[in-house]
$ cat work02.txt   # compact mmCIF, C-alpha atoms
# COMPACT_ATOMS: atom_id res chain seq x y z
CA MET S 1 -191.22 19.37 202.01
CA SER S 2 -189.12 22.19 203.43
CA VAL S 3 -189.65 25.91 203.24
CA LEU S 4 -186.76 27.61 201.45
CA ALA S 5 -187.63 31.20 202.28
CA GLU S 6 -190.13 32.93 204.45
CA ILE S 7 -191.37 36.44 203.94
CA SER S 8 -192.11 38.43 207.03
CA GLY S 9 -192.64 42.10 207.61
CA ASN S 10 -194.89 44.86 206.56
CA ILE S 11 -196.05 46.13 203.19
CA ALA S 12 -194.84 49.60 204.28
CA THR S 13 -191.28 48.29 203.95
CA VAL S 14 -191.88 47.58 200.27
CA GLY S 15 -193.53 50.98 199.91
CA TYR S 16 -190.48 52.74 201.33
CA GLY S 17 -188.22 50.81 198.99
CA LEU S 18 -190.28 51.97 196.04
CA ALA S 19 -190.44 55.52 197.42
CA ALA S 20 -186.63 55.69 197.56
CA ILE S 21 -186.33 55.11 193.82
CA GLY S 22 -187.86 58.49 192.95
CA PRO S 23 -185.41 60.65 194.92
CA ALA S 24 -182.48 58.61 193.60
CA ILE S 25 -183.53 59.30 190.03
CA GLY S 26 -184.18 62.95 190.89
CA VAL S 27 -180.71 63.45 192.37
CA ALA S 28 -179.14 61.81 189.32
CA ILE S 29 -180.99 64.19 187.01
CA VAL S 30 -180.10 67.27 189.08
CA VAL S 31 -176.38 66.40 189.21
CA GLY S 32 -176.27 65.44 185.54
CA LYS S 33 -177.90 68.67 184.41
CA THR S 34 -175.55 70.68 186.64
CA ILE S 35 -172.53 69.02 185.08
CA GLU S 36 -173.94 69.67 181.61
CA SER S 37 -174.62 73.33 182.45
CA THR S 38 -171.13 73.81 183.91
CA ALA S 39 -169.62 72.38 180.74
CA ARG S 40 -171.61 74.87 178.65
CA GLN S 41 -170.94 77.92 180.84
CA PRO S 42 -167.97 77.40 183.20
CA GLU S 43 -168.22 80.95 184.57
CA LEU S 44 -171.51 80.04 186.30
CA ALA S 45 -170.08 76.99 188.08
CA GLY S 46 -170.38 78.53 191.56
CA LYS S 47 -174.02 79.56 191.18
CA LEU S 48 -174.93 76.26 189.55
CA GLN S 49 -173.30 74.26 192.32
CA GLY S 50 -175.22 76.18 194.98
CA MET S 51 -178.51 75.59 193.19
CA MET S 52 -177.56 71.93 192.74
CA TRP S 53 -177.16 71.44 196.50
CA ILE S 54 -180.52 73.08 197.14
CA GLY S 55 -182.14 70.80 194.54
CA ILE S 56 -180.53 67.74 196.09
CA ALA S 57 -181.76 68.77 199.55
CA PHE S 58 -185.35 69.15 198.35
CA THR S 59 -185.18 65.88 196.45
CA GLU S 60 -183.77 63.97 199.41
CA MET S 61 -186.51 65.42 201.58
CA LEU S 62 -188.87 63.12 199.67
CA ALA S 63 -186.91 60.10 200.90
CA LEU S 64 -187.07 61.37 204.47
CA ILE S 65 -190.82 61.79 204.15
CA GLY S 66 -190.94 58.16 203.01
CA VAL S 67 -189.06 57.07 206.15
CA ALA S 68 -191.38 59.11 208.36
CA THR S 69 -194.42 57.64 206.61
CA TYR S 70 -193.10 54.14 207.25
CA PHE S 71 -192.81 54.81 210.98
CA ILE S 72 -196.19 56.53 211.15
CA PHE S 73 -198.12 53.73 209.46
CA SER S 74 -196.25 50.75 210.89
CA ASN S 75 -197.35 49.35 214.21
$ encode --input "work02.txt" --output "structure tokens"
Amino acid sequence: MSVLAEISGNIATVGYGLAAIGPAIGVAIVVGKTIESTARQPELAGKLQGMMWIGIAFTEMLALIGVATYFIFSN
């Protein structure tokens, strides 16, 4: 009998993978709503784009916290 696959690693790796899903969904929502708002009021495109980048930065900060948490709790 041979072993086809072996799992090695840390459960924190799986946790980070799951933690990255949230920010990805958040960025998609922020960008989608910005596009929708720009289509409704094109004169606010500049302000909306600025707020979109701030929203993306805060959302991606969650992913960076997940990376930091992985390194803190791994050996």
$ closest_residue --input "work02.txt" --among "S:Lys47, S:Trp53, S:Ala63, S:Arg40" --to "Leu18 of chain S" --atoms "all atoms listed in the file"
S:Ala63
$ residues_around --input "work02.txt" --residues "Gln49 of chain S" --least-positions-apart "4" --cutoff "12 Å" --atoms "all atoms listed in the file" --output "short mmCIF file (atom, residue, chain, number, x, y, z; two decimals) with C-alpha atoms, in the coordinates of the input"
data_model
loop_
_atom_site.label_atom_id
_atom_site.label_comp_id
_atom_site.auth_asym_id
_atom_site.auth_seq_id
_atom_site.Cartn_x
_atom_site.Cartn_y
_atom_site.Cartn_z
CA VAL S 30 -180.10 67.27 189.08
CA VAL S 31 -176.38 66.40 189.21
CA GLY S 32 -176.27 65.44 185.54
CA LYS S 33 -177.90 68.67 184.41
CA THR S 34 -175.55 70.68 186.64
CA ILE S 35 -172.53 69.02 185.08
CA GLU S 36 -173.94 69.67 181.61
CA SER S 37 -174.62 73.33 182.45
CA THR S 38 -171.13 73.81 183.91
CA PRO S 42 -167.97 77.40 183.20
CA GLU S 43 -168.22 80.95 184.57
CA LEU S 44 -171.51 80.04 186.30
CA ALA S 45 -170.08 76.99 188.08
CA TRP S 53 -177.16 71.44 196.50
CA ILE S 54 -180.52 73.08 197.14
CA GLY S 55 -182.14 70.80 194.54
CA ILE S 56 -180.53 67.74 196.09
#
$ closest_residue --input "work02.txt" --among "S:Ile72, S:Val67, S:Ala39, S:Glu60" --to "Ala24 of chain S" --atoms "only C-alpha atoms"
S:Glu60
$ closest_residue --input "work02.txt" --among "S:Met51, S:Val14, S:Ile25, S:Ala19" --to "Ile65 of chain S" --atoms "all atoms listed in the file"
S:Ala19
$ closest_residue --input "work02.txt" --among "S:Gln41, S:Gly66, S:Thr59, S:Phe73" --to "Val27 of chain S" --atoms "only C-alpha atoms"
S:Thr59
$ atom_distance --input "work02.txt" --atom1 "atom CA of Ile29 of chain S" --atom2 "atom CA of Phe58 of chain S"
13.1 Å
$ atom_distance --input "work02.txt" --atom1 "atom CA of Thr69 of chain S" --atom2 "atom CA of Ala20 of chain S"
12.1 Å
$ atom_distance --input "work02.txt" --atom1 "atom CA of Leu62 of chain S" --atom2 "atom CA of Thr13 of chain S"
15.6 Å
